[in-house]
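Visitor: Submitted below is the structure of interest, expressed as structure tokens.
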Amino acid sequence: MATAFSAAKFGTQFFPVGTRSHENPLFGHLKTPACSFLGSTRRLRFSSASKLNQINSHRRSVVVAVSDVVKEKKSKSTSNLFLLLFIPAHSIQLITKEEGLELYEDMILGRAFEDMCAQMYYRGKMFGFVHLYNGQEAVSTGFIKLLKKEDSVVSTYRDHVHALSKGVPARAVMSELFGKTTGCCRGQGGSMHMFSKEHNLLGGFAFIGEGIPVATGAAFTSKYRREVLKEADCDHVTLAFFGDGTCNNGQFFECLNMAALWKLPIVFVVENNLWAIGMSHLRATSDPQIYKKGPAFGMPGIHVNGMDVLKVRAVAQTAIARARSGEGPTLVECETYRFRGHSLADPDELRDPAEKAHYAARDPITALKKYLIENNLATEVELKAIDKKIEEVVEDAVEFADESPHPTRSQLLENVFADPKGFGIGPDGRYRCEDPKFTEGTAQV
Amino acid sequence: MAAIFHGVGAATALSPSPSHSVDSKKFQLAPSRSLSARKGRIAVVRSDSSVNLSLNSRGRKDHLWIPNAVATKTDDSAASTASKSGHEILLFEALREGLEEEMDRDPHVCVMGEDVGHYGGSYKVTKGLAEKFGDLRVLDTPIAENSFTGMGIGAAMTGLRPVVEGMNMGFLLLAFNQISNNCGMLHYTSGGQFTIPVVIRGPGGVGRQLGAEHSQRLESYFQSIPGIQMVACSTPYNAKGLMKAAIRSENPVILFEHVLLYNLKERIPDEDYICNLEEAEMVRPGEHVTILTYSRMRYHVMQAAKTLVNKGYDPEVIDIRSLKPFDLYTIGNSVKKTHRVLIVEECMRTGGIGASLTAAINENFHDYLDAPIVCLSSQDVPTPYAGTLEEWTVVQPAQIVTAVEQLCQ
């Protein structure tokens, strides 16, 4: 697709971009003293004196922060500096019809699936901690739809939609949630541990931050393959998704350092939904502008409106291309929002209803639908057909999961070790895994 | 300083050999062979263990010079050929040899850790490897244990076979998140889709006045993690064998080395061999009591064994090697023979490997025991810096002798 982001020379950091309106209803609202609740980074930026913030306040598009380190290396390659030339949505066709429909379908799938999860949870079909992705679909779709099958994705506990976007069938994900053997992880992982070797989804992690090193490792393998194993065409990229809370965690910083140090083909995608359960990002972070932490480690840091799938996709394109060409990592901060609580057990009482309403008005699916129709890329009828199709896919997934069998006892010990000799030698001299009770799952190990 | 064990065939007769009257200086300078597990060979162990230091300082040299501890064949078959060929090697060199051979054999094997590359490893286990294999295959990482261990795990999931070095095992406490959650569990939570053939290795154990934090025994902390295997090496032979087996294994393996054993010397075979990860090693067969031990305590036990043989006891010494899972076959056969068990370990009293082993033996072989299992462990004390205090936190040969005497009453 035609992109306005070429690898040519780059100049300054900031590029004022025209938007449709300078009016931001949010600012007016939040400026009232009655609302003392720090619920949005907007307000912080607006009140800060820095130039960056002023620019931010005038547009809700892309901001780039480029480190001095990167700037100094200008002479070396043509695409050192990372600059986004953002053109307002109306003036250029950013996507083709097929692409538009693909994006729409993916986001609708994510939304419908998560809504169904909520239903199933309350009906007692799935248990434990279930974290839903409603509202953040633009990030998953915007990034993952640009990947090849061999590229890897690493996520957190909010991973259902990342799995779906990467290509894991809805049936497999739903079965996994129901804890059935036909689930993508045989029912052993659950909501927070979605894995797929076929689709290169490397998880699904329950502790925040622990997936980032794994993603760094996958990117390391890609570089290793190219440089040590001499697989010249290996340009696999890894995407690491994580939230704003994770950006205060040591593993995040350690991995930014290593990725930039070795120029690993990875993109760090921050899904900043402003809340870590009940902890507002502003209350937890000394400098809430996460993208600024990229240049501190020698990589570009980009902020993007995560409620707009086209903008996310545009940024993703450049970041992924940069990684693929061997220039190293990028930190992308997507400002997004989750419409539901942190998990299905979260009463979600702390967030300001005004804030929720503000972001609900920026629903990424509604926005894309509007864009497609206004740009004559799709008709209402076509989009409705997609809605219907997805509804059927999701219902089929539930049916499939319902009818799938529960794991039997024999599955209990099977995957603890890749090599089951790891259970050791029993008193009778035989390996424990040779004990018939082992395959029944009743052996004492 | 050299500790010298003389193995004289199968004889247990006690007779100080004239060669022992030679002063210790000569033995310091002379090249020494290490404790060998071959029948009929005269074997010498040169160890840097503080045991020697302390014993020497107390002037109890007589224990060092008694030639009676019989070291017998290990369960590994290559031993006999070694008597004719083979090469002498120090333990850290044996580890390097094993690592280098595996890296030659499979280009997916790589090393990552602090100072493993240009510096050659803080204990020189990876010396020369970066020059040979390049900076990417022998990766010098920043000081970020949790992250580079996780990176190793991610690399393992995507096809590489990393060997992650903790400069000191204690540093891997920072990597506990990755080792417990990801290393041990991802094969299971992914429903068997991803394997994690990673080897995590490093020196641990109580050294010579290294202070509390550098003297930790992490095997007790890691032992509950499902999905990992733990092995501890104690001789150059099994160090190389276990290293190779661990690298070839599809399971994540944690290989515990000991800071004080790196300079042990032994003659090992030239040809390719591995040591089974799940098997224990019979160090000295006997009849009266089973002594289970691993890593550096093996040498304290063998020291005590000499005294015990003098006193007429016949201890059976088994180096359990596999800390998780336990080789209950070798251990069980021994218990069934001797009916008395003494466990000598360097872990803390509480929740150590000895504690688990006691439970396992009680569960499985209770009927065969004539006496309660005795477990000698280190004191539940942060290892003090002062040499005398440090000595008292760790099990010494004299305690082992006393324990056996009490057990065999």
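Simple scheme: letters A, B, ... for chains in structure tokens order, numbers from 1 for residues in each chain, numbers from 1 for ligands in the order shown.
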Would you give me, as a PDB file with N, CA and C atoms, in the first residue's frame, the residues in stretch 229-380 of chain A that DSSP reads as strand (DSSP E)?

Guide:
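In the end it all went to selection.pdb:
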ATOM      1  N   THR A 238       9.358  -9.376  16.112  1.00  0.00           N
ATOM      2  CA  THR A 238       8.565  -9.734  17.281  1.00  0.00           C
ATOM      3  C   THR A 238       7.865  -8.490  17.793  1.00  0.00           C
ATOM      4  N   LEU A 239       6.606  -8.652  18.179  1.00  0.00           N
ATOM      5  CA  LEU A 239       5.896  -7.542  18.812  1.00  0.00           C
ATOM      6  C   LEU A 239       5.642  -7.909  20.265  1.00  0.00           C
ATOM      7  N   ALA A 240       5.955  -7.017  21.153  1.00  0.00           N
ATOM      8  CA  ALA A 240       5.667  -7.236  22.565  1.00  0.00           C
ATOM      9  C   ALA A 240       4.590  -6.248  22.981  1.00  0.00           C
ATOM     10  N   PHE A 241       3.457  -6.766  23.412  1.00  0.00           N
ATOM     11  CA  PHE A 241       2.373  -5.902  23.880  1.00  0.00           C
ATOM     12  C   PHE A 241       2.345  -5.918  25.401  1.00  0.00           C
ATOM     13  N   PHE A 242       2.183  -4.750  25.972  1.00  0.00           N
ATOM     14  CA  PHE A 242       2.042  -4.686  27.415  1.00  0.00           C
ATOM     15  C   PHE A 242       1.427  -3.330  27.771  1.00  0.00           C
ATOM     16  N   GLY A 243       1.131  -3.147  29.031  1.00  0.00           N
ATOM     17  CA  GLY A 243       0.357  -1.965  29.418  1.00  0.00           C
ATOM     18  C   GLY A 243       1.180  -0.873  30.085  1.00  0.00           C
ATOM     19  N   ILE A 266      12.502  -5.932  17.144  1.00  0.00           N
ATOM     20  CA  ILE A 266      11.355  -6.013  18.046  1.00  0.00           C
ATOM     21  C   ILE A 266      10.675  -4.657  18.099  1.00  0.00           C
ATOM     22  N   VAL A 267       9.385  -4.671  18.303  1.00  0.00           N
ATOM     23  CA  VAL A 267       8.656  -3.430  18.541  1.00  0.00           C
ATOM     24  C   VAL A 267       7.977  -3.561  19.892  1.00  0.00           C
ATOM     25  N   PHE A 268       8.237  -2.606  20.761  1.00  0.00           N
ATOM     26  CA  PHE A 268       7.603  -2.617  22.069  1.00  0.00           C
ATOM     27  C   PHE A 268       6.334  -1.776  21.972  1.00  0.00           C
ATOM     28  N   VAL A 269       5.192  -2.417  22.130  1.00  0.00           N
ATOM     29  CA  VAL A 269       3.925  -1.703  21.977  1.00  0.00           C
ATOM     30  C   VAL A 269       3.280  -1.531  23.340  1.00  0.00           C
ATOM     31  N   VAL A 270       3.196  -0.297  23.776  1.00  0.00           N
ATOM     32  CA  VAL A 270       2.585  -0.008  25.064  1.00  0.00           C
ATOM     33  C   VAL A 270       1.119   0.288  24.835  1.00  0.00           C
ATOM     34  N   GLU A 271       0.249  -0.501  25.423  1.00  0.00           N
ATOM     35  CA  GLU A 271      -1.181  -0.225  25.330  1.00  0.00           C
ATOM     36  C   GLU A 271      -1.535   0.573  26.578  1.00  0.00           C
ATOM     37  N   ASN A 272      -1.351   1.876  26.470  1.00  0.00           N
ATOM     38  CA  ASN A 272      -1.580   2.722  27.627  1.00  0.00           C
ATOM     39  C   ASN A 272      -3.068   3.013  27.756  1.00  0.00           C
ATOM     40  N   TRP A 275      -4.937   2.868  33.090  1.00  0.00           N
ATOM     41  CA  TRP A 275      -5.281   2.249  34.364  1.00  0.00           C
ATOM     42  C   TRP A 275      -4.637   0.888  34.511  1.00  0.00           C
ATOM     43  N   ALA A 276      -4.096   0.666  35.701  1.00  0.00           N
ATOM     44  CA  ALA A 276      -3.577  -0.657  36.041  1.00  0.00           C
ATOM     45  C   ALA A 276      -4.438  -1.147  37.186  1.00  0.00           C
ATOM     46  N   MET A 279      -5.199   1.546  39.641  1.00  0.00           N
ATOM     47  CA  MET A 279      -4.135   2.526  39.797  1.00  0.00           C
ATOM     48  C   MET A 279      -4.030   3.355  38.535  1.00  0.00           C
ATOM     49  N   SER A 280      -4.321   4.616  38.690  1.00  0.00           N
ATOM     50  CA  SER A 280      -4.204   5.497  37.539  1.00  0.00           C
ATOM     51  C   SER A 280      -2.738   5.632  37.146  1.00  0.00           C
ATOM     52  N   GLY A 301      10.835   6.819  20.180  1.00  0.00           N
ATOM     53  CA  GLY A 301       9.632   6.629  20.960  1.00  0.00           C
ATOM     54  C   GLY A 301       8.505   7.361  20.289  1.00  0.00           C
ATOM     55  N   ILE A 302       7.435   6.660  20.039  1.00  0.00           N
ATOM     56  CA  ILE A 302       6.330   7.263  19.300  1.00  0.00           C
ATOM     57  C   ILE A 302       5.063   7.177  20.121  1.00  0.00           C
ATOM     58  N   HIS A 303       4.312   8.238  20.070  1.00  0.00           N
ATOM     59  CA  HIS A 303       3.009   8.208  20.713  1.00  0.00           C
ATOM     60  C   HIS A 303       1.953   8.235  19.615  1.00  0.00           C
ATOM     61  N   VAL A 304       0.942   7.422  19.754  1.00  0.00           N
ATOM     62  CA  VAL A 304      -0.081   7.395  18.728  1.00  0.00           C
ATOM     63  C   VAL A 304      -1.447   7.261  19.371  1.00  0.00           C
ATOM     64  N   ASN A 305      -2.433   7.755  18.681  1.00  0.00           N
ATOM     65  CA  ASN A 305      -3.802   7.633  19.150  1.00  0.00           C
ATOM     66  C   ASN A 305      -4.252   6.190  18.958  1.00  0.00           C
ATOM     67  N   THR A 330      11.744  -0.211  18.344  1.00  0.00           N
ATOM     68  CA  THR A 330      10.987   1.029  18.481  1.00  0.00           C
ATOM     69  C   THR A 330      10.044   0.878  19.656  1.00  0.00           C
ATOM     70  N   LEU A 331       9.827   1.984  20.348  1.00  0.00           N
ATOM     71  CA  LEU A 331       8.841   1.977  21.434  1.00  0.00           C
ATOM     72  C   LEU A 331       7.636   2.775  20.961  1.00  0.00           C
ATOM     73  N   VAL A 332       6.506   2.105  20.937  1.00  0.00           N
ATOM     74  CA  VAL A 332       5.293   2.789  20.487  1.00  0.00           C
ATOM     75  C   VAL A 332       4.298   2.839  21.634  1.00  0.00           C
ATOM     76  N   GLU A 333       3.898   4.032  21.990  1.00  0.00           N
ATOM     77  CA  GLU A 333       2.900   4.161  23.043  1.00  0.00           C
ATOM     78  C   GLU A 333       1.555   4.448  22.397  1.00  0.00           C
ATOM     79  N   CYS A 334       0.613   3.544  22.569  1.00  0.00           N
ATOM     80  CA  CYS A 334      -0.718   3.732  22.004  1.00  0.00           C
ATOM     81  C   CYS A 334      -1.641   4.190  23.108  1.00  0.00           C
ATOM     82  N   GLU A 335      -2.169   5.355  22.958  1.00  0.00           N
ATOM     83  CA  GLU A 335      -3.107   5.825  23.968  1.00  0.00           C
ATOM     84  C   GLU A 335      -4.452   5.192  23.673  1.00  0.00           C
TER      85      GLU A 335
END

Visitor: What's around A:Lys180 at 7 Å? Count only C-alpha atoms, leave out sequence neighbours fewer than 5 positions away in its own chain, and write the answer as number ranges by chain.

Guide: A: 175, 186-187, 401, 404-407

Visitor: Would you output that residue set with N, CA and C atoms, as a short mmCIF file (atom, residue, chain, number, x, y, z; two decimals), in the first residue's frame?

Guide:
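This went into selection26.cif:
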data_model
loop_
_atom_site.label_atom_id
_atom_site.label_comp_id
_atom_site.auth_asym_id
_atom_site.auth_seq_id
_atom_site.Cartn_x
_atom_site.Cartn_y
_atom_site.Cartn_z
N SER A 175 -12.38 -22.63 23.33
CA SER A 175 -12.22 -23.91 24.03
C SER A 175 -11.21 -23.80 25.14
N ARG A 186 -4.59 -26.99 25.08
CA ARG A 186 -5.18 -28.21 25.64
C ARG A 186 -5.91 -27.94 26.95
N GLY A 187 -6.31 -26.72 27.18
CA GLY A 187 -7.01 -26.42 28.42
C GLY A 187 -6.09 -26.19 29.59
N ALA A 401 -16.79 -25.22 21.69
CA ALA A 401 -16.19 -25.35 23.00
C ALA A 401 -17.08 -26.13 23.95
N SER A 404 -16.85 -29.79 23.22
CA SER A 404 -15.53 -30.42 23.34
C SER A 404 -15.40 -31.10 24.68
N PRO A 405 -14.57 -32.14 24.72
CA PRO A 405 -14.44 -32.87 25.99
C PRO A 405 -13.52 -32.14 26.97
N HIS A 406 -13.80 -32.41 28.23
CA HIS A 406 -12.88 -31.95 29.27
C HIS A 406 -11.62 -32.79 29.22
N PRO A 407 -10.52 -32.26 29.72
CA PRO A 407 -9.31 -33.09 29.74
C PRO A 407 -9.50 -34.29 30.67
#

Visitor: Can I get the residues of chain B within 8 Å of chain A, each with the closest pair of atoms and their distance in Å to one decimal, using only C-alpha atoms, sorted chain first then ascending number, as a tab-separated table?

Guide:
residue	atom	partner	partner_atom	distance
B:Pro107	CA	A:Leu229	CA	7.0
B:His108	CA	A:Leu229	CA	7.9
B:Leu136	CA	A:Tyr224	CA	7.0
B:Arg137	CA	A:Val228	CA	7.4
B:Thr141	CA	A:Met258	CA	7.9
B:Pro142	CA	A:Met258	CA	7.4
B:Ala144	CA	A:Glu254	CA	6.2
B:Asn146	CA	A:Gln251	CA	7.0
B:Ser147	CA	A:Pro213	CA	5.1
B:Phe148	CA	A:Pro213	CA	6.8
B:Thr149	CA	A:Pro213	CA	7.8
B:Gly150	CA	A:Pro213	CA	4.7
B:Met151	CA	A:Gly217	CA	3.8
B:Gly152	CA	A:Gly217	CA	5.8
B:Ile153	CA	A:Val214	CA	6.1
B:Gly154	CA	A:Val214	CA	3.9
B:Ala155	CA	A:Gly217	CA	4.3
B:Ala156	CA	A:Gly217	CA	7.8
B:Met157	CA	A:Ala218	CA	7.5
B:Thr158	CA	A:Ala218	CA	5.9
B:Gly159	CA	A:Thr221	CA	7.3
B:Leu160	CA	A:Thr221	CA	6.7
B:Asn177	CA	A:Glu210	CA	7.4
B:Gln178	CA	A:Glu210	CA	6.8
B:Met185	CA	A:Val416	CA	7.5
B:His187	CA	A:Asn415	CA	6.4
B:Tyr188	CA	A:Asn415	CA	4.9
B:Thr189	CA	A:Gly189	CA	4.3
B:Ser190	CA	A:Cys185	CA	4.8
B:Gly191	CA	A:Cys185	CA	4.1
B:Gly192	CA	A:Asn415	CA	5.2
B:Gln193	CA	A:Lys197	CA	5.9
B:Phe194	CA	A:Lys197	CA	6.8
B:Thr195	CA	A:Ala418	CA	6.2
B:Pro226	CA	A:Val416	CA	7.2
B:Gly227	CA	A:Val416	CA	5.2
B:Ile228	CA	A:Phe417	CA	7.6
B:Gln229	CA	A:Gly422	CA	6.3
B:Ser249	CA	A:Asp419	CA	7.5
B:Glu250	CA	A:Ala418	CA	5.9
B:Asn251	CA	A:Ala418	CA	5.7
B:Glu278	CA	A:Gly424	CA	5.5
B:Glu279	CA	A:Ile425	CA	7.5
B:Lys324	CA	A:Gly424	CA	7.8
B:Pro325	CA	A:Gly424	CA	5.1
B:Phe326	CA	A:Gly424	CA	6.5
B:Asp327	CA	A:Ile425	CA	5.2
B:Leu328	CA	A:Pro427	CA	4.8
B:Tyr329	CA	A:Pro427	CA	4.3
B:Thr330	CA	A:Gly429	CA	7.8
B:Gly332	CA	A:Pro427	CA	6.0
B:Asn364	CA	A:Pro427	CA	7.5

Visitor: By how many Å are atom CA of A:Phe178 and atom CA of A:Gly142 apart?

Guide: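 Rounded to one decimal, the two atoms are 27.9 Å apart.
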
Visitor: So that I can check the surroundings of stretch 124-132 of chain B, please list as a PDB file with all heavy atoms, in the first residue's frame every protein, DNA and RNA residue that reaches within 8 Å of it, counting only C-alpha atoms and ignoring chain neighbours fewer than 3 positions away.

Guide:
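File part_0.pdb, as written:
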ATOM      1  N   PHE B  92      36.832 -26.816  35.735  1.00  0.00           N
ATOM      2  CA  PHE B  92      36.274 -25.723  34.931  1.00  0.00           C
ATOM      3  C   PHE B  92      36.610 -25.912  33.461  1.00  0.00           C
ATOM      4  O   PHE B  92      35.853 -25.545  32.573  1.00  0.00           O
ATOM      5  CB  PHE B  92      36.720 -24.353  35.459  1.00  0.00           C
ATOM      6  CG  PHE B  92      38.128 -23.950  35.108  1.00  0.00           C
ATOM      7  CD1 PHE B  92      38.388 -23.241  33.948  1.00  0.00           C
ATOM      8  CD2 PHE B  92      39.184 -24.257  35.947  1.00  0.00           C
ATOM      9  CE1 PHE B  92      39.685 -22.847  33.616  1.00  0.00           C
ATOM     10  CE2 PHE B  92      40.472 -23.870  35.636  1.00  0.00           C
ATOM     11  CZ  PHE B  92      40.734 -23.164  34.465  1.00  0.00           C
ATOM     12  N   GLU B  93      37.757 -26.545  33.207  1.00  0.00           N
ATOM     13  CA  GLU B  93      38.111 -26.828  31.814  1.00  0.00           C
ATOM     14  C   GLU B  93      37.226 -27.930  31.249  1.00  0.00           C
ATOM     15  O   GLU B  93      36.888 -27.926  30.074  1.00  0.00           O
ATOM     16  CB  GLU B  93      39.579 -27.248  31.715  1.00  0.00           C
ATOM     17  CG  GLU B  93      40.550 -26.120  31.999  1.00  0.00           C
ATOM     18  CD  GLU B  93      41.978 -26.631  32.152  1.00  0.00           C
ATOM     19  OE1 GLU B  93      42.159 -27.853  32.334  1.00  0.00           O
ATOM     20  OE2 GLU B  93      42.901 -25.806  32.098  1.00  0.00           O
ATOM     21  N   LEU B  95      34.138 -28.398  32.061  1.00  0.00           N
ATOM     22  CA  LEU B  95      32.880 -27.738  31.712  1.00  0.00           C
ATOM     23  C   LEU B  95      33.019 -27.030  30.379  1.00  0.00           C
ATOM     24  O   LEU B  95      32.136 -27.089  29.525  1.00  0.00           O
ATOM     25  CB  LEU B  95      32.492 -26.718  32.793  1.00  0.00           C
ATOM     26  CG  LEU B  95      32.022 -27.294  34.121  1.00  0.00           C
ATOM     27  CD1 LEU B  95      31.999 -26.203  35.191  1.00  0.00           C
ATOM     28  CD2 LEU B  95      30.634 -27.894  33.976  1.00  0.00           C
ATOM     29  N   ARG B  96      34.141 -26.383  30.197  1.00  0.00           N
ATOM     30  CA  ARG B  96      34.341 -25.660  28.943  1.00  0.00           C
ATOM     31  C   ARG B  96      34.429 -26.613  27.780  1.00  0.00           C
ATOM     32  O   ARG B  96      33.880 -26.364  26.713  1.00  0.00           O
ATOM     33  CB  ARG B  96      35.608 -24.805  29.023  1.00  0.00           C
ATOM     34  CG  ARG B  96      35.793 -24.016  27.730  1.00  0.00           C
ATOM     35  CD  ARG B  96      36.884 -22.991  27.827  1.00  0.00           C
ATOM     36  NE  ARG B  96      38.181 -23.623  27.841  1.00  0.00           N
ATOM     37  CZ  ARG B  96      39.147 -23.281  28.684  1.00  0.00           C
ATOM     38  NH1 ARG B  96      38.959 -22.328  29.550  1.00  0.00           N
ATOM     39  NH2 ARG B  96      40.303 -23.900  28.641  1.00  0.00           N
ATOM     40  N   GLU B 100      32.065 -26.472  24.686  1.00  0.00           N
ATOM     41  CA  GLU B 100      32.618 -26.229  23.359  1.00  0.00           C
ATOM     42  C   GLU B 100      32.247 -27.358  22.401  1.00  0.00           C
ATOM     43  O   GLU B 100      31.896 -27.112  21.242  1.00  0.00           O
ATOM     44  CB  GLU B 100      34.143 -26.125  23.463  1.00  0.00           C
ATOM     45  CG  GLU B 100      34.782 -25.552  22.226  1.00  0.00           C
ATOM     46  CD  GLU B 100      36.268 -25.315  22.420  1.00  0.00           C
ATOM     47  OE1 GLU B 100      36.719 -25.280  23.585  1.00  0.00           O
ATOM     48  OE2 GLU B 100      36.960 -25.155  21.405  1.00  0.00           O
ATOM     49  N   VAL B 116      30.701 -13.499  30.057  1.00  0.00           N
ATOM     50  CA  VAL B 116      31.033 -14.815  29.521  1.00  0.00           C
ATOM     51  C   VAL B 116      31.857 -14.693  28.250  1.00  0.00           C
ATOM     52  O   VAL B 116      32.557 -15.628  27.864  1.00  0.00           O
ATOM     53  CB  VAL B 116      29.767 -15.662  29.208  1.00  0.00           C
ATOM     54  CG1 VAL B 116      29.019 -15.965  30.478  1.00  0.00           C
ATOM     55  CG2 VAL B 116      28.879 -14.980  28.201  1.00  0.00           C
ATOM     56  N   GLY B 117      31.786 -13.562  27.604  1.00  0.00           N
ATOM     57  CA  GLY B 117      32.407 -13.424  26.300  1.00  0.00           C
ATOM     58  C   GLY B 117      33.856 -12.987  26.387  1.00  0.00           C
ATOM     59  O   GLY B 117      34.770 -13.797  26.527  1.00  0.00           O
ATOM     60  N   HIS B 118      34.062 -11.694  26.334  1.00  0.00           N
ATOM     61  CA  HIS B 118      35.425 -11.189  26.290  1.00  0.00           C
ATOM     62  C   HIS B 118      36.205 -11.531  27.552  1.00  0.00           C
ATOM     63  O   HIS B 118      37.416 -11.773  27.503  1.00  0.00           O
ATOM     64  CB  HIS B 118      35.415  -9.662  26.082  1.00  0.00           C
ATOM     65  CG  HIS B 118      34.861  -9.288  24.736  1.00  0.00           C
ATOM     66  ND1 HIS B 118      34.897  -7.999  24.244  1.00  0.00           N
ATOM     67  CD2 HIS B 118      34.268 -10.016  23.768  1.00  0.00           C
ATOM     68  CE1 HIS B 118      34.336  -7.968  23.040  1.00  0.00           C
ATOM     69  NE2 HIS B 118      33.947  -9.179  22.744  1.00  0.00           N
ATOM     70  N   TYR B 119      35.532 -11.541  28.673  1.00  0.00           N
ATOM     71  CA  TYR B 119      36.232 -11.817  29.929  1.00  0.00           C
ATOM     72  C   TYR B 119      36.496 -13.304  30.092  1.00  0.00           C
ATOM     73  O   TYR B 119      37.347 -13.705  30.879  1.00  0.00           O
ATOM     74  CB  TYR B 119      35.359 -11.304  31.084  1.00  0.00           C
ATOM     75  CG  TYR B 119      36.045 -11.187  32.400  1.00  0.00           C
ATOM     76  CD1 TYR B 119      36.948 -10.158  32.648  1.00  0.00           C
ATOM     77  CD2 TYR B 119      35.764 -12.082  33.430  1.00  0.00           C
ATOM     78  CE1 TYR B 119      37.558 -10.042  33.875  1.00  0.00           C
ATOM     79  CE2 TYR B 119      36.375 -11.964  34.665  1.00  0.00           C
ATOM     80  CZ  TYR B 119      37.267 -10.942  34.883  1.00  0.00           C
ATOM     81  OH  TYR B 119      37.870 -10.819  36.096  1.00  0.00           O
ATOM     82  N   GLY B 120      35.749 -14.101  29.375  1.00  0.00           N
ATOM     83  CA  GLY B 120      35.965 -15.534  29.464  1.00  0.00           C
ATOM     84  C   GLY B 120      35.265 -16.208  30.627  1.00  0.00           C
ATOM     85  O   GLY B 120      35.506 -17.378  30.911  1.00  0.00           O
ATOM     86  N   GLY B 121      34.372 -15.481  31.262  1.00  0.00           N
ATOM     87  CA  GLY B 121      33.665 -16.079  32.391  1.00  0.00           C
ATOM     88  C   GLY B 121      34.380 -15.787  33.687  1.00  0.00           C
ATOM     89  O   GLY B 121      35.605 -15.811  33.761  1.00  0.00           O
ATOM     90  N   ASP B 135      30.675 -13.003  19.064  1.00  0.00           N
ATOM     91  CA  ASP B 135      30.036 -12.293  20.169  1.00  0.00           C
ATOM     92  C   ASP B 135      28.556 -12.570  20.301  1.00  0.00           C
ATOM     93  O   ASP B 135      27.970 -12.298  21.341  1.00  0.00           O
ATOM     94  CB  ASP B 135      30.226 -10.775  19.998  1.00  0.00           C
ATOM     95  CG  ASP B 135      31.581 -10.328  20.482  1.00  0.00           C
ATOM     96  OD1 ASP B 135      32.268 -11.137  21.138  1.00  0.00           O
ATOM     97  OD2 ASP B 135      31.961  -9.177  20.199  1.00  0.00           O
ATOM     98  N   ARG B 137      27.148 -15.607  19.661  1.00  0.00           N
ATOM     99  CA  ARG B 137      26.961 -16.945  20.206  1.00  0.00           C
ATOM    100  C   ARG B 137      27.419 -17.041  21.647  1.00  0.00           C
ATOM    101  O   ARG B 137      26.994 -17.927  22.372  1.00  0.00           O
ATOM    102  CB  ARG B 137      27.718 -17.990  19.375  1.00  0.00           C
ATOM    103  CG  ARG B 137      26.910 -18.575  18.261  1.00  0.00           C
ATOM    104  CD  ARG B 137      27.579 -19.771  17.669  1.00  0.00           C
ATOM    105  NE  ARG B 137      27.113 -20.998  18.281  1.00  0.00           N
ATOM    106  CZ  ARG B 137      27.525 -22.195  17.932  1.00  0.00           C
ATOM    107  NH1 ARG B 137      28.440 -22.326  17.005  1.00  0.00           N
ATOM    108  NH2 ARG B 137      27.050 -23.268  18.528  1.00  0.00           N
ATOM    109  N   VAL B 138      28.318 -16.190  22.019  1.00  0.00           N
ATOM    110  CA  VAL B 138      28.751 -16.146  23.423  1.00  0.00           C
ATOM    111  C   VAL B 138      28.498 -14.705  23.848  1.00  0.00           C
ATOM    112  O   VAL B 138      29.354 -13.839  23.710  1.00  0.00           O
ATOM    113  CB  VAL B 138      30.239 -16.517  23.569  1.00  0.00           C
ATOM    114  CG1 VAL B 138      30.616 -16.611  25.023  1.00  0.00           C
ATOM    115  CG2 VAL B 138      30.521 -17.839  22.874  1.00  0.00           C
ATOM    116  N   LEU B 139      27.300 -14.492  24.329  1.00  0.00           N
ATOM    117  CA  LEU B 139      26.797 -13.123  24.461  1.00  0.00           C
ATOM    118  C   LEU B 139      27.089 -12.525  25.830  1.00  0.00           C
ATOM    119  O   LEU B 139      26.675 -13.062  26.856  1.00  0.00           O
ATOM    120  CB  LEU B 139      25.277 -13.150  24.225  1.00  0.00           C
ATOM    121  CG  LEU B 139      24.552 -11.823  24.170  1.00  0.00           C
ATOM    122  CD1 LEU B 139      24.882 -11.111  22.874  1.00  0.00           C
ATOM    123  CD2 LEU B 139      23.049 -12.062  24.246  1.00  0.00           C
TER     124      LEU B 139
END

Visitor: Considering only C-alpha atoms, return as an MDAnalysis selection string whatever protein or nucleic-acid residues lie within 6 Å of stretch 335-339 of chain B, sequence-local ones (same chain, fewer than 4 positions apart) excluded.

Guide: chainID B and resid 287:289 368:370

Visitor: Go ahead and save the picked residues with C-alpha atoms, as a PDB file, in the first residue's frame.

Guide:
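Printed below is result-v5.pdb as written:
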ATOM      1  CA  GLU B 287      27.779 -52.304  53.770  1.00  0.00           C
ATOM      2  CA  HIS B 288      27.135 -50.439  56.950  1.00  0.00           C
ATOM      3  CA  VAL B 289      25.588 -47.126  56.141  1.00  0.00           C
ATOM      4  CA  TYR B 368      13.987 -50.995  55.147  1.00  0.00           C
ATOM      5  CA  LEU B 369      15.271 -48.524  57.692  1.00  0.00           C
ATOM      6  CA  ASP B 370      16.727 -49.704  60.976  1.00  0.00           C
TER       7      ASP B 370
END

Visitor: As a ChimeraX atom specification, please: every residue in stretch 340-435 of chain A that a backbone DSSP assignment puts in alpha helix (DSSP H).

Guide: /A:353-360,364-374,380-403
